[in-house]
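Below is model36.cif, which holds mmCIF, C-alpha atoms.
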```cif
data_input
loop_
_atom_site.label_atom_id
_atom_site.label_comp_id
_atom_site.auth_asym_id
_atom_site.auth_seq_id
_atom_site.Cartn_x
_atom_site.Cartn_y
_atom_site.Cartn_z
CA MET A 9 21.38 20.40 -17.24
CA PRO A 10 19.81 18.43 -14.38
CA SER A 11 22.23 16.99 -11.86
CA GLU A 12 22.34 13.27 -11.24
CA SER A 13 22.82 11.38 -8.00
CA MET A 14 23.32 7.77 -7.21
CA ILE A 15 21.26 6.18 -4.48
CA ARG A 16 21.82 2.89 -2.72
CA ILE A 17 18.87 0.52 -2.42
CA SER A 18 18.67 -3.08 -1.29
CA SER A 19 18.30 -5.91 -3.78
CA PRO A 20 14.79 -6.79 -2.51
CA LEU A 21 13.65 -3.18 -3.05
CA LYS A 22 15.20 -3.10 -6.50
CA ARG A 23 13.28 -6.28 -7.41
CA ARG A 24 10.05 -4.66 -6.18
CA LEU A 25 10.73 -1.55 -8.25
CA ALA A 26 11.46 -3.71 -11.29
CA LEU A 27 8.05 -5.36 -10.89
CA MET A 28 6.43 -1.92 -11.02
CA LYS A 29 7.89 -1.01 -14.38
CA SER A 30 5.29 -0.40 -17.09
CA HIS A 31 7.67 -1.88 -19.65
CA GLU A 32 11.09 -3.52 -19.57
CA LYS A 33 13.01 -0.41 -20.64
CA GLU A 34 11.29 2.00 -18.26
CA SER A 35 13.84 3.71 -16.02
CA TYR A 36 13.83 3.41 -12.26
CA GLU A 37 13.66 7.22 -12.17
CA THR A 38 10.32 7.10 -13.98
CA VAL A 39 9.00 4.38 -11.67
CA ILE A 40 10.06 6.30 -8.56
CA GLY A 41 8.58 9.53 -9.97
CA ARG A 42 5.27 7.77 -10.62
CA LEU A 43 5.22 6.40 -7.06
CA ILE A 44 5.97 9.84 -5.63
CA ASN A 45 3.12 11.37 -7.65
CA ILE A 46 0.74 8.73 -6.31
CA ALA A 47 1.90 9.35 -2.73
CA GLU A 48 1.59 13.13 -3.06
CA ASN A 49 -1.92 12.93 -4.50
CA GLU A 50 -3.23 10.34 -2.05
CA PRO A 51 -5.38 12.11 0.53
CA ALA A 52 -4.22 11.74 4.12
CA LEU A 53 -6.43 9.92 6.59
CA ASP A 54 -8.51 12.18 8.81
CA GLN A 55 -8.89 11.61 12.56
CA ASP A 56 -12.25 9.82 12.16
CA GLU A 57 -10.76 7.35 9.68
CA ILE A 58 -7.81 6.71 11.99
CA LYS A 59 -10.19 6.07 14.92
CA GLN A 60 -12.25 3.65 12.79
CA ILE A 61 -9.09 1.71 11.90
CA GLU A 62 -7.97 1.62 15.55
CA ASP A 63 -11.45 0.41 16.62
CA SER A 64 -11.35 -2.28 13.93
CA ILE A 65 -7.98 -3.50 15.16
CA LYS A 66 -9.37 -3.69 18.71
CA ASP A 67 -12.34 -5.72 17.42
CA ILE A 68 -10.03 -8.13 15.62
CA LYS A 69 -7.82 -8.60 18.70
CA ALA A 70 -10.91 -9.14 20.90
CA GLY A 71 -12.25 -11.82 18.55
CA ARG A 72 -15.33 -9.84 17.52
CA VAL A 73 -14.57 -10.28 13.82
CA HIS A 74 -15.40 -13.42 11.88
CA PRO A 75 -14.52 -14.54 8.35
CA PHE A 76 -16.92 -13.44 5.62
CA GLU A 77 -17.62 -17.06 4.66
CA GLU A 78 -18.73 -17.82 8.22
CA GLY A 79 -21.20 -14.93 8.13
CA ILE A 80 -22.65 -16.12 4.83
CA LYS A 81 -23.16 -19.62 6.21
CA LYS A 82 -25.04 -18.23 9.24
CA TRP A 83 -27.11 -15.92 7.03
CA ARG A 84 -28.17 -18.77 4.71
CA HIS A 85 -29.43 -20.96 7.60
#
```
Can the structure in the file be given as structure tokens, please?
Amino acid sequence: MPSESMIRISSPLKRRLALMKSHEKESYETVIGRLINIAENEPALDQDEIKQIEDSIKDIKAGRVHPFEEGIKKWRH
């Protein structure tokens, strides 16, 4: 027989978990299990991807990034 444990979570987290239920009667255990499966199967970022993200953040902070809509307006003229 599997053992059971109680865990303490905040009300905001419980509300977020409730929103992730596939149906009203789905247990929180099932929701948490599904999230763990997703996390375990999600490939980790490699060093090149991390560097690209860091470079993008630098571009944003330096003002070298513009809204998509602005680019479309310039392209159309």
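Here CA of Glu62 (chain A) is placed at a distance of 26.7 Å from CA of Ile44 (chain A).
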Subject >> Long-range neighbours of Val73 (chain A) as an MDAnalysis selection string, 12 Å cut-off, all atoms listed in the file, 6 positions minimum in chain >> reply: chainID A and resid 63:67 79
Original post:
If you measure from CA of Thr38 (chain A) to CA of Pro10 (chain A), what distance in Å do you get, rounded to one decimal?
Top reply: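 About the pair CA of Thr38 (chain A) and CA of Pro10 (chain A): they are 14.8 Å apart.
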Original post:
Of the candidates A:Glu32, A:Lys81, A:Glu37, A:Leu43, which one gets nearest to Ser13 (chain A) if we count only C-alpha atoms?
Top reply: A:Glu37
Kindly list the centre and edge lengths in Å, rounded to one decimal, for the axis-aligned box that covers all listed atoms of region 35-47 of chain A plus 8 Å on each of its six sides, as AutoDock Vina command-line options.
```
--center_x 7.3 --center_y 7.4 --center_z -9.4 --size_x 29.1 --size_y 24.0 --size_z 29.3
```
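The residue set within 12 Å of Arg24 (chain A), counting all atoms listed in the file and dropping same-chain residues fewer than 4 places from it, reads A:Ile17, A:Ser18, A:Ser19, A:Pro20, A:Met28, A:Lys29, A:Tyr36, A:Val39, A:Ile40.
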Original post:
What gap, in Å, lies between CA of Lys69 (chain A) and CA of Asp56 (chain A)?
Top reply: 20.0 Å
Is it possible to add N, CA and C atoms to region 39-59 of chain A and hand it back as a PDB file, keeping the file's coordinate frame?
```pdb
ATOM      1  N   VAL A  39       9.805   5.154 -12.627  1.00  0.00           N
ATOM      2  CA  VAL A  39       9.000   4.380 -11.670  1.00  0.00           C
ATOM      3  C   VAL A  39       8.909   5.117 -10.342  1.00  0.00           C
ATOM      4  N   ILE A  40      10.045   5.591  -9.840  1.00  0.00           N
ATOM      5  CA  ILE A  40      10.060   6.300  -8.560  1.00  0.00           C
ATOM      6  C   ILE A  40       9.244   7.592  -8.667  1.00  0.00           C
ATOM      7  N   GLY A  41       9.377   8.311  -9.777  1.00  0.00           N
ATOM      8  CA  GLY A  41       8.580   9.530  -9.970  1.00  0.00           C
ATOM      9  C   GLY A  41       7.093   9.243  -9.946  1.00  0.00           C
ATOM     10  N   ARG A  42       6.690   8.149 -10.603  1.00  0.00           N
ATOM     11  CA  ARG A  42       5.270   7.770 -10.620  1.00  0.00           C
ATOM     12  C   ARG A  42       4.787   7.455  -9.205  1.00  0.00           C
ATOM     13  N   LEU A  43       5.595   6.731  -8.438  1.00  0.00           N
ATOM     14  CA  LEU A  43       5.220   6.400  -7.060  1.00  0.00           C
ATOM     15  C   LEU A  43       5.119   7.648  -6.182  1.00  0.00           C
ATOM     16  N   ILE A  44       6.028   8.588  -6.386  1.00  0.00           N
ATOM     17  CA  ILE A  44       5.970   9.840  -5.630  1.00  0.00           C
ATOM     18  C   ILE A  44       4.703  10.613  -5.973  1.00  0.00           C
ATOM     19  N   ASN A  45       4.351  10.675  -7.249  1.00  0.00           N
ATOM     20  CA  ASN A  45       3.120  11.370  -7.650  1.00  0.00           C
ATOM     21  C   ASN A  45       1.897  10.743  -7.003  1.00  0.00           C
ATOM     22  N   ILE A  46       1.864   9.413  -6.956  1.00  0.00           N
ATOM     23  CA  ILE A  46       0.740   8.730  -6.310  1.00  0.00           C
ATOM     24  C   ILE A  46       0.688   9.098  -4.831  1.00  0.00           C
ATOM     25  N   ALA A  47       1.847   9.050  -4.159  1.00  0.00           N
ATOM     26  CA  ALA A  47       1.900   9.350  -2.730  1.00  0.00           C
ATOM     27  C   ALA A  47       1.495  10.793  -2.438  1.00  0.00           C
ATOM     28  N   GLU A  48       1.916  11.715  -3.281  1.00  0.00           N
ATOM     29  CA  GLU A  48       1.590  13.130  -3.060  1.00  0.00           C
ATOM     30  C   GLU A  48       0.109  13.413  -3.288  1.00  0.00           C
ATOM     31  N   ASN A  49      -0.518  12.669  -4.170  1.00  0.00           N
ATOM     32  CA  ASN A  49      -1.920  12.930  -4.500  1.00  0.00           C
ATOM     33  C   ASN A  49      -2.892  12.096  -3.679  1.00  0.00           C
ATOM     34  N   GLU A  50      -2.375  11.171  -2.899  1.00  0.00           N
ATOM     35  CA  GLU A  50      -3.230  10.340  -2.050  1.00  0.00           C
ATOM     36  C   GLU A  50      -3.647  11.165  -0.838  1.00  0.00           C
ATOM     37  N   PRO A  51      -4.952  11.300  -0.618  1.00  0.00           N
ATOM     38  CA  PRO A  51      -5.380  12.110   0.530  1.00  0.00           C
ATOM     39  C   PRO A  51      -4.980  11.440   1.849  1.00  0.00           C
ATOM     40  N   ALA A  52      -4.593  12.257   2.798  1.00  0.00           N
ATOM     41  CA  ALA A  52      -4.220  11.740   4.120  1.00  0.00           C
ATOM     42  C   ALA A  52      -5.471  11.301   4.862  1.00  0.00           C
ATOM     43  N   LEU A  53      -5.303  10.360   5.774  1.00  0.00           N
ATOM     44  CA  LEU A  53      -6.430   9.920   6.590  1.00  0.00           C
ATOM     45  C   LEU A  53      -6.796  11.015   7.580  1.00  0.00           C
ATOM     46  N   ASP A  54      -8.104  11.216   7.790  1.00  0.00           N
ATOM     47  CA  ASP A  54      -8.510  12.180   8.810  1.00  0.00           C
ATOM     48  C   ASP A  54      -8.635  11.446  10.148  1.00  0.00           C
ATOM     49  N   GLN A  55      -8.866  12.191  11.213  1.00  0.00           N
ATOM     50  CA  GLN A  55      -8.890  11.610  12.560  1.00  0.00           C
ATOM     51  C   GLN A  55     -10.004  10.574  12.712  1.00  0.00           C
ATOM     52  N   ASP A  56     -11.151  10.780  12.073  1.00  0.00           N
ATOM     53  CA  ASP A  56     -12.250   9.820  12.160  1.00  0.00           C
ATOM     54  C   ASP A  56     -11.859   8.497  11.506  1.00  0.00           C
ATOM     55  N   GLU A  57     -11.201   8.571  10.357  1.00  0.00           N
ATOM     56  CA  GLU A  57     -10.760   7.350   9.680  1.00  0.00           C
ATOM     57  C   GLU A  57      -9.723   6.598  10.515  1.00  0.00           C
ATOM     58  N   ILE A  58      -8.815   7.334  11.135  1.00  0.00           N
ATOM     59  CA  ILE A  58      -7.810   6.710  11.990  1.00  0.00           C
ATOM     60  C   ILE A  58      -8.470   6.017  13.168  1.00  0.00           C
ATOM     61  N   LYS A  59      -9.476   6.673  13.790  1.00  0.00           N
ATOM     62  CA  LYS A  59     -10.190   6.070  14.920  1.00  0.00           C
ATOM     63  C   LYS A  59     -10.929   4.816  14.479  1.00  0.00           C
TER      64      LYS A  59
END
```
